[in-house]
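Here's the structure we're looking at; comments come further down.
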Number of protein chains: 2
Amino acid sequence: MSLIVMKFGGSSVGTPERMQRVAGRIIERKQQGHSIVVVVSAMGDTTDELIDQSKLLNPNPPAREMDMLLTTGEQISVALLSMTIHQLGDRAVSLTGWQAGIRTEAVHSKARITDIRPERIFEALEGGNAVIVAGFQGMSEDGEITTLGRGGSDTTAVALAAAINADMCEIYTDVDGIYSTDPRVVKVARKLDEISYDEMLELAHLGAAVLHPRAVEYAKHNNVKLVVRSSFTHNEGTSVKEEAVMEQGIVVRGIAFDKNVARISILGVEDVPGVLAHVFGALAENGIDVDIIVQSGVQNGKADFSFTVSLDDRERALAVIEGIRSKVSYLEATSEADLVKVSIVGAGMVSNPGVAATMFEAISKIGVSIKMVSTSEIKVSCVIAAEPLHEVVRALHTAYGLDTTEQAFVGGPQDRR
Amino acid sequence: MSLIVMKFGGSSVGTPERMQRVAGRIIERKQQGHSIVVVVSAMGDTTDELIDQSKLLNPNPPAREMDMLLTTGEQISVALLSMTIHQLGDRAVSLTGWQAGIRTEAVHSKARITDIRPERIFEALEGGNAVIVAGFQGMSEDGEITTLGRGGSDTTAVALAAAINADMCEIYTDVDGIYSTDPRVVKVARKLDEISYDEMLELAHLGAAVLHPRAVEYAKHNNVKLVVRSSFTHNEGTSVKEEAVMEQGIVVRGIAFDKNVARISILGVEDVPGVLAHVFGALAENGIDVDIIVQSGVQNGKADFSFTVSLDDRERALAVIEGIRSKVSYLEATSEADLVKVSIVGAGMVSNPGVAATMFEAISKIGVSIKMVSTSEIKVSCVIAAEPLHEVVRALHTAYGLDTTEQAFVGGPQDRR
C-alpha cells in the first residue's frame with residue numbers, strides 16, 4: 001500500500017464523461033489499497049472564459065484580483081470531482097489551496113510555494129477519503145489568495161508529493177508518456193519507459209503540454225518519483241527519475257525542437273574588456289532571456305557575436321542594443337527569424353564521442369547549413385533554417401536508432417479538436 | 001462622513017453594463033467622502049448554472065461539496081467588481097467570506113453567522129479601498145467553507161453592518177423601495193418612505209425578492225438602519241427602522257398576500273385535554289410549519305379545527321394526521337387548496353379600533369367569503385378563495401387610503417425578461 005499523488009489536467013476533466021472517467025481512475029487506485037491525494041486543474045476552457053469575462057471590465061486588471069478570479073476555476077473542479085466520486089459510491093473531500101496548507105510567497109500570478117502544512121490532508125486521508133486538492137493556487141502568510149503561474153498544477157502535485165512523502169506522483173495527461181520526439185512529426189517516435197530529470201528538463205519543449213519544467217526541477221530537487229501517463233488508457237507511462245536506464249545501443253534519448261527563436265547579431269564590436277557584460281547586462285535588466293551565445297574570433301580588434309532570444313523579444317532586444325551605443329562601440333546589429341533550434345538530448349552522450357558529429361552529418365546530408373551550435377553534457381543544439389525542419393528531425397531520429405515499429409498513441413478520441 | 005454597507009444582488013451585476021453601473025454607484029458614494037463596504041451576490045444565473053453542472057455528476061451531492069462549488073459564484077463577482085472599480089480609476093479590494101472574517105456554525109448550506117472578525121476590512125478601508133465582500137458565505141471554526149442559505153447575501157450585509165458599526169446598510173435591488181402592495185397587482189401602489197422592522201417582517205412575502213426576513217430579524221436585533229433602494233435610479237428608497245413614522249391618516253402600511261396556502265380541517269375531534277398538543281406536536285416533529293390555527297366551539301364533546309400549511313406540505317400533513325389516529329379520535333380530516341392569505345399590516349392599527357372591520361367589509365362587498373381569520377398587534381390576515389384575489393387587494397388598498405397618483409418604478413429597462 002502506497003501513498004500516491006495523481007494529477008489531472010483541465011482537458012482530462014473537461015466534460016461530465018471525462019470527469020466520471022477520472023473519478024473511476026481514482027476509485028480504482030483506492031481499491032488497490034493506496035492512499036490517494038489528487039490535484040486537479042480548472043476544467044477545459046474555464047480559465048480562458050474567466051479571463052474573457054474580466055477583459056470586458058478591465059483589460060489590465062490588478063494581479064491580486066485576477067488571482068481571486070482564476071482560483072475559482074480549480075475550486076469548481078475539485079468540488080465537482082469530489083461529488084462525482086461520491087456518486088460512484090466512494091468517499092472524497094475537496095480542499096482549496098489554502099485549505100490544503102499550500103503557502104506561497106506574497107506575490108500574485110506567479111508565486112512560488114514556500115511551505116506546505118498538510119495536516120488537513122492527512123486528517124482527510126485517515127477518514128478514508130480521496131483528498132482532492134485545487135491545483136495552481138495557494139495562500140500567502142497574510143491570507144491573500146495567490147496563483148503559481150504557468151505549470152502551476154504540475155508544481156502543486158510535485159510539491160504536495162514531496163511534502164507528504166508520497167511514493168509516487170502520477171501526472172495524467174492526454175498522451176501516454178514522454179516520446180523520443182513529437183509523434184505528430186515522427187510517426188515512428190518511441191515512448192520512453194524512463195527518463196532522467198535533467199533529460200526531461202532539456203526536452204521540456206517537447207513535453208511542454210505534458211509536464212512543466214518548473215515541476216520537473218522541483219521533483220529533481222526533492223527526489224520525487226514522477227510518472228507521466230494517459231488518463232485515457234491503462235498503458236504504462238514514462239518514469240522520470242534521477243538515474244534512468246538507457247536501452248542497449250541508445251545514446252540519445254530524445255530530439256526536441258523549438259520554433260520560438262530569433263537570432264541577433266552584433267557585428268564589428270570593439271574588443272575591449274567588459275563589452276559582453278554591458279550587452280547582456282542590459283538585456284537582463286530589460287527582462288530578455290538569452291539562450292545560445294556564440295562569439296567569432298577577433299580580427300583587427302573587432303569581434304562579431306550572435307545570440308538567440310525568443311521571437312517575441314526580437315524587437316525589444318534590438319532596441320536595447322541600440323540604447324547602449326554610447327557604451328559599446330559596434331558597426332551594426334542585425335536580426336534573423338524563420339529559424340529553429342533542434343536539440344538532441346541524452347545522459348549517455350557525455351561518455352560517447354562522436355555523438356555531435358553524427359548530428360552535424362545528418363543535418364548537412366539534407367543540405368541544411370548550421371548557423372549556431374551549443375553543447376552541454378547531455379545536449380547538443382543547432383540553430384538552423386526553419387525549413388525543412390520535419391525532414392531534419394526524422395533524419396536525426398533515424399540516425400540515433402530511435403525509430404520504433406509501434407504505433408504512438410496520441411490522445412483520446414475527442415481530444416484533437 | 002459615514003461608514004456605509006452597500007449590498008447588490010445578482011441581477012444588479014448580471015451583465016458587464018450593470019457591473020459598471022454598480023461600480024459607478026460605489027465610486028459615487030466614496031467620492032461623497034464615505035467609507036464603503038460592499039456585499040455582492042453571484043452574478044445573474046451563475047448559481048443555477050453551477051447547480052446544473054453538479055446535477056449531471058451527482059443528483060444528490062454532499063452539502064459540503066455543494067458549498068465548495070457554489071461559493072465560487074460570489075468569489076467571481078467580487079473579483080470582477082473590484083477590477084471594474086479599478087478600471088474606473090478608484091481603489092478596491094475583494095475579500096471572500098473567510099477573508100472578511102465571517103465565521104459561521106459548522107453546518108453546510110444553511111449555516112448561521114456566529115461571529116465576524118473585521119480586522120482585514122478595517123485595514124483595507126484605511127488603505128482607501130472600497131472593500132468588496134462575497135455574500136452568502138463564511139467559514140466554520142475548523143476552516144470549512146460554508147454558505148448561509150436563502151437570503152444569505154442580505155444577511156451578510158446586515159451582519160457586517162452590525163459588526164463594523166456602520167451608519168447604514170443600503171440594500172440595492174431592481175425596485176426602488178418597499179411598496180404598499182405588489183405594484184404589478186395594484187398600479188397605484190405607493191412606495192413607502194419608512195417602515196418598521198416588525199411591519200417589514202409581516203410584509204416579507206411582498207418583499208421576498210427584495211429583503212430576506214432573516215436579514216430583517218438580524219437588523220432589528222442589532223438595530224441596523226436598513227435602506228432598500230434601486231440600483232437603476234437615484235430615487236430615495238425605503239428606510240427600515242425600529243420606529244417608522246406613519247403618514248397622517250394612514251393606519252395600514254401595506255397589504256400582503258400569499259398563495260402558498262392549504263387549509264387542513266379535522267372534524268369531530270373528541271375534546272379531551274392534550275389533543276391539540278398531540279396534533280401539532282406530530283406536525284412539528286415532521287418539520288411541517290403551521291401558520292393560522294382556528295378552533296370552533298365544542299358541541300356534544302366534539303370540536304372542529306382548521307389550520308393552514310404551505311401547499312407543498314398538504315399531503316404530508318394529512319398523512320401525519322392519519323398516523324396519529326390511535327392517539328387522537330376524530331371523524332374526518334379534509335384539505336383545501338386554491339386559497340390565498342391576504343394580510344393588512346400596520347403598526348398603527350393597535351390603537352385604531354375598526355381596522356379589521358373595514359377589511360371584512362371590503363372583502364364581503366366583493367362577495368368573497370372569509371374562511372379563516374388571524375390577528376396580531378400589527379396585522380390582520382384572512383384566508384379566502386384564490387379568486388378574485390387581485391380585486392380584493394385593490395379594494396383593500398383603496399379602503400385604507402393607500403392609493404397614490406405617482407407611477408411605480410419597477411426595474412431597469414432589461415429587467416423584466
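Simple scheme: letters A, B, ... for chains in C-alpha cells order, numbers from 1 for residues in each chain, numbers from 1 for ligands in the order shown.
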All residues 8 Å or closer to Arg64 (chain A), only C-alpha atoms, same chain fewer than 2 positions away omitted, as a ChimeraX atom specification = /A:62,66-68,108-109,145-146
Would you mind exporting N, CA and C atoms of the selected residues as a PDB file, in the first residue's frame?
```
ATOM      1  N   PRO A  62      -5.768  44.314 -11.774  1.00  0.00           N
ATOM      2  CA  PRO A  62      -4.749  44.062 -10.756  1.00  0.00           C
ATOM      3  C   PRO A  62      -4.523  42.551 -10.614  1.00  0.00           C
ATOM      4  N   MET A  66      -7.075  39.233 -10.221  1.00  0.00           N
ATOM      5  CA  MET A  66      -7.040  38.166 -11.223  1.00  0.00           C
ATOM      6  C   MET A  66      -6.876  36.811 -10.522  1.00  0.00           C
ATOM      7  N   ASP A  67      -6.025  36.759  -9.504  1.00  0.00           N
ATOM      8  CA  ASP A  67      -5.850  35.513  -8.741  1.00  0.00           C
ATOM      9  C   ASP A  67      -7.153  35.133  -8.045  1.00  0.00           C
ATOM     10  N   MET A  68      -7.814  36.132  -7.473  1.00  0.00           N
ATOM     11  CA  MET A  68      -9.096  35.899  -6.808  1.00  0.00           C
ATOM     12  C   MET A  68     -10.087  35.277  -7.794  1.00  0.00           C
ATOM     13  N   HIS A 108       1.556  37.869  -6.656  1.00  0.00           N
ATOM     14  CA  HIS A 108       0.396  37.399  -7.400  1.00  0.00           C
ATOM     15  C   HIS A 108       0.759  36.950  -8.807  1.00  0.00           C
ATOM     16  N   SER A 109       0.027  35.977  -9.303  1.00  0.00           N
ATOM     17  CA  SER A 109       0.080  35.434 -10.663  1.00  0.00           C
ATOM     18  C   SER A 109       1.286  34.542 -10.933  1.00  0.00           C
ATOM     19  N   ILE A 145      -5.034  35.157  -1.457  1.00  0.00           N
ATOM     20  CA  ILE A 145      -5.096  34.036  -2.392  1.00  0.00           C
ATOM     21  C   ILE A 145      -4.127  34.313  -3.529  1.00  0.00           C
ATOM     22  N   THR A 146      -3.258  33.339  -3.820  1.00  0.00           N
ATOM     23  CA  THR A 146      -2.227  33.512  -4.850  1.00  0.00           C
ATOM     24  C   THR A 146      -2.329  32.391  -5.879  1.00  0.00           C
TER      25      THR A 146
END
```
Please provide as a ChimeraX atom specification all residues within 9 Å of Ile266 (chain A), with the sequence filter that same-chain residues fewer than 2 positions apart are discarded (counting only C-alpha atoms).
-> /A:264,268-269,303-307,321,330-335
Using only C-alpha atoms, the residue out of B:Ala399, B:Ala284, B:Val309, B:Val93 with shortest distance to chain A is B:Val93
Shell of 8 Å around Asp193 (chain B), only C-alpha atoms, local chain residues under 3 positions omitted, as a ChimeraX atom specification | /B:236-239
State, in Å with one decimal place, the distance from CA of His278 (chain B) to CA of Leu339 (chain B).
-> 26.2 Å
Which residues of chain B are close to chain A, meaning at most 10 Å apart when you count only C-alpha atoms, and how do they look as a VMD selection string?
-> chain B and resid 15 to 17 19 to 20 50 53 to 88 92 to 96 98 to 99 120 142 to 145
Could you please write out, as an MDAnalysis selection string, every residue of region 209-366 of chain A that DSSP assigns to strand (DSSP E)?
-> chainID A and resid 226:230 238:241 254:258 262:270 293:295 302:309 332:336 339:345
Okay, now the selection with N, CA and C atoms, as a short mmCIF file (atom, residue, chain, number, x, y, z; two decimals), in the first residue's frame?
```
data_model
loop_
_atom_site.label_atom_id
_atom_site.label_comp_id
_atom_site.auth_asym_id
_atom_site.auth_seq_id
_atom_site.Cartn_x
_atom_site.Cartn_y
_atom_site.Cartn_z
N LEU A 226 8.32 10.74 -10.47
CA LEU A 226 7.22 11.17 -11.35
C LEU A 226 6.89 10.08 -12.35
N VAL A 227 5.62 9.92 -12.66
CA VAL A 227 5.22 9.05 -13.77
C VAL A 227 4.25 9.83 -14.63
N VAL A 228 4.56 9.94 -15.93
CA VAL A 228 3.66 10.61 -16.87
C VAL A 228 2.88 9.54 -17.60
N ARG A 229 1.54 9.59 -17.53
CA ARG A 229 0.75 8.55 -18.18
C ARG A 229 -0.58 9.10 -18.67
N SER A 230 -1.29 8.29 -19.44
CA SER A 230 -2.53 8.74 -20.08
C SER A 230 -3.73 8.55 -19.16
N THR A 238 5.71 6.98 -18.62
CA THR A 238 7.15 7.22 -18.57
C THR A 238 7.55 7.64 -17.16
N SER A 239 8.54 6.94 -16.59
CA SER A 239 9.03 7.33 -15.27
C SER A 239 10.11 8.40 -15.41
N VAL A 240 9.99 9.45 -14.61
CA VAL A 240 11.01 10.49 -14.59
C VAL A 240 11.72 10.37 -13.25
N LYS A 241 13.02 10.11 -13.28
CA LYS A 241 13.74 9.84 -12.03
C LYS A 241 15.17 10.33 -12.12
N GLY A 254 16.20 11.67 -26.78
CA GLY A 254 15.11 12.34 -27.47
C GLY A 254 15.59 13.52 -28.30
N ILE A 255 14.71 13.97 -29.18
CA ILE A 255 15.02 15.08 -30.08
C ILE A 255 13.96 16.15 -29.91
N ALA A 256 14.41 17.33 -29.50
CA ALA A 256 13.49 18.43 -29.26
C ALA A 256 13.69 19.51 -30.30
N PHE A 257 12.64 20.29 -30.55
CA PHE A 257 12.83 21.44 -31.43
C PHE A 257 11.97 22.59 -30.94
N ASP A 258 12.43 23.77 -31.22
CA ASP A 258 11.80 24.98 -30.69
C ASP A 258 11.81 26.03 -31.80
N ALA A 262 14.79 33.67 -32.34
CA ALA A 262 15.30 34.70 -33.26
C ALA A 262 16.79 34.88 -32.96
N ARG A 263 17.56 35.16 -34.00
CA ARG A 263 18.99 35.37 -33.79
C ARG A 263 19.30 36.85 -33.93
N ILE A 264 20.05 37.37 -32.97
CA ILE A 264 20.52 38.76 -33.03
C ILE A 264 22.03 38.70 -33.24
N SER A 265 22.54 39.46 -34.18
CA SER A 265 23.99 39.51 -34.40
C SER A 265 24.48 40.94 -34.20
N ILE A 266 25.60 41.07 -33.51
CA ILE A 266 26.23 42.39 -33.35
C ILE A 266 27.59 42.29 -34.03
N LEU A 267 27.77 43.11 -35.05
CA LEU A 267 28.95 42.98 -35.91
C LEU A 267 29.93 44.12 -35.64
N GLY A 268 31.24 43.78 -35.73
CA GLY A 268 32.28 44.81 -35.59
C GLY A 268 32.29 45.45 -34.23
N VAL A 269 32.24 44.62 -33.22
CA VAL A 269 32.25 45.15 -31.86
C VAL A 269 33.69 45.39 -31.44
N GLU A 270 33.94 46.57 -30.90
CA GLU A 270 35.29 46.87 -30.42
C GLU A 270 35.63 45.94 -29.26
N ILE A 293 24.77 31.72 -27.01
CA ILE A 293 25.65 32.86 -27.34
C ILE A 293 26.87 32.32 -28.07
N VAL A 294 27.18 32.91 -29.22
CA VAL A 294 28.35 32.47 -29.99
C VAL A 294 29.19 33.70 -30.34
N GLN A 295 30.50 33.63 -30.00
CA GLN A 295 31.37 34.73 -30.40
C GLN A 295 32.40 34.21 -31.41
N LYS A 302 38.33 43.85 -33.69
CA LYS A 302 36.86 43.86 -33.76
C LYS A 302 36.35 42.41 -33.72
N ALA A 303 35.22 42.21 -33.05
CA ALA A 303 34.63 40.87 -32.99
C ALA A 303 33.17 40.92 -33.46
N ASP A 304 32.68 39.76 -33.96
CA ASP A 304 31.24 39.62 -34.24
C ASP A 304 30.69 38.66 -33.19
N PHE A 305 29.49 38.94 -32.66
CA PHE A 305 28.87 37.83 -31.92
C PHE A 305 27.35 37.79 -32.11
N SER A 306 26.81 36.61 -31.84
CA SER A 306 25.39 36.34 -32.07
C SER A 306 24.80 35.68 -30.83
N PHE A 307 23.52 35.89 -30.66
CA PHE A 307 22.82 35.16 -29.59
C PHE A 307 21.37 34.98 -29.99
N THR A 308 20.71 34.06 -29.32
CA THR A 308 19.28 33.82 -29.63
C THR A 308 18.41 34.33 -28.49
N VAL A 309 17.25 34.84 -28.87
CA VAL A 309 16.21 35.23 -27.91
C VAL A 309 14.89 34.66 -28.43
N GLU A 332 27.19 47.39 -36.47
CA GLU A 332 25.83 47.12 -36.91
C GLU A 332 25.22 46.01 -36.06
N ALA A 333 23.91 46.09 -35.83
CA ALA A 333 23.19 44.98 -35.18
C ALA A 333 22.10 44.51 -36.12
N THR A 334 22.04 43.20 -36.36
CA THR A 334 21.03 42.65 -37.27
C THR A 334 20.25 41.56 -36.55
N SER A 335 19.12 41.17 -37.14
CA SER A 335 18.36 40.05 -36.55
C SER A 335 17.83 39.16 -37.65
N GLU A 336 17.49 37.95 -37.24
CA GLU A 336 17.04 36.95 -38.21
C GLU A 336 15.98 36.09 -37.54
N LEU A 339 13.81 30.68 -37.97
CA LEU A 339 14.84 29.75 -37.53
C LEU A 339 14.21 28.70 -36.61
N VAL A 340 14.96 27.66 -36.35
CA VAL A 340 14.51 26.68 -35.37
C VAL A 340 15.74 26.15 -34.65
N LYS A 341 15.55 25.82 -33.36
CA LYS A 341 16.62 25.19 -32.60
C LYS A 341 16.30 23.71 -32.45
N VAL A 342 17.16 22.87 -33.00
CA VAL A 342 16.97 21.42 -32.88
C VAL A 342 17.98 20.91 -31.87
N SER A 343 17.52 20.05 -30.94
CA SER A 343 18.44 19.56 -29.90
C SER A 343 18.35 18.04 -29.79
N ILE A 344 19.49 17.42 -29.60
CA ILE A 344 19.50 16.02 -29.21
C ILE A 344 19.85 15.96 -27.73
N VAL A 345 19.16 15.10 -27.00
CA VAL A 345 19.31 15.06 -25.54
C VAL A 345 19.55 13.62 -25.10
#
```
Name the residues of region 66-131 of chain A that come out as helix (DSSP H, G or I) in a backbone DSSP run; write them as a ChimeraX atom specification.
-> /A:66-87,119-126
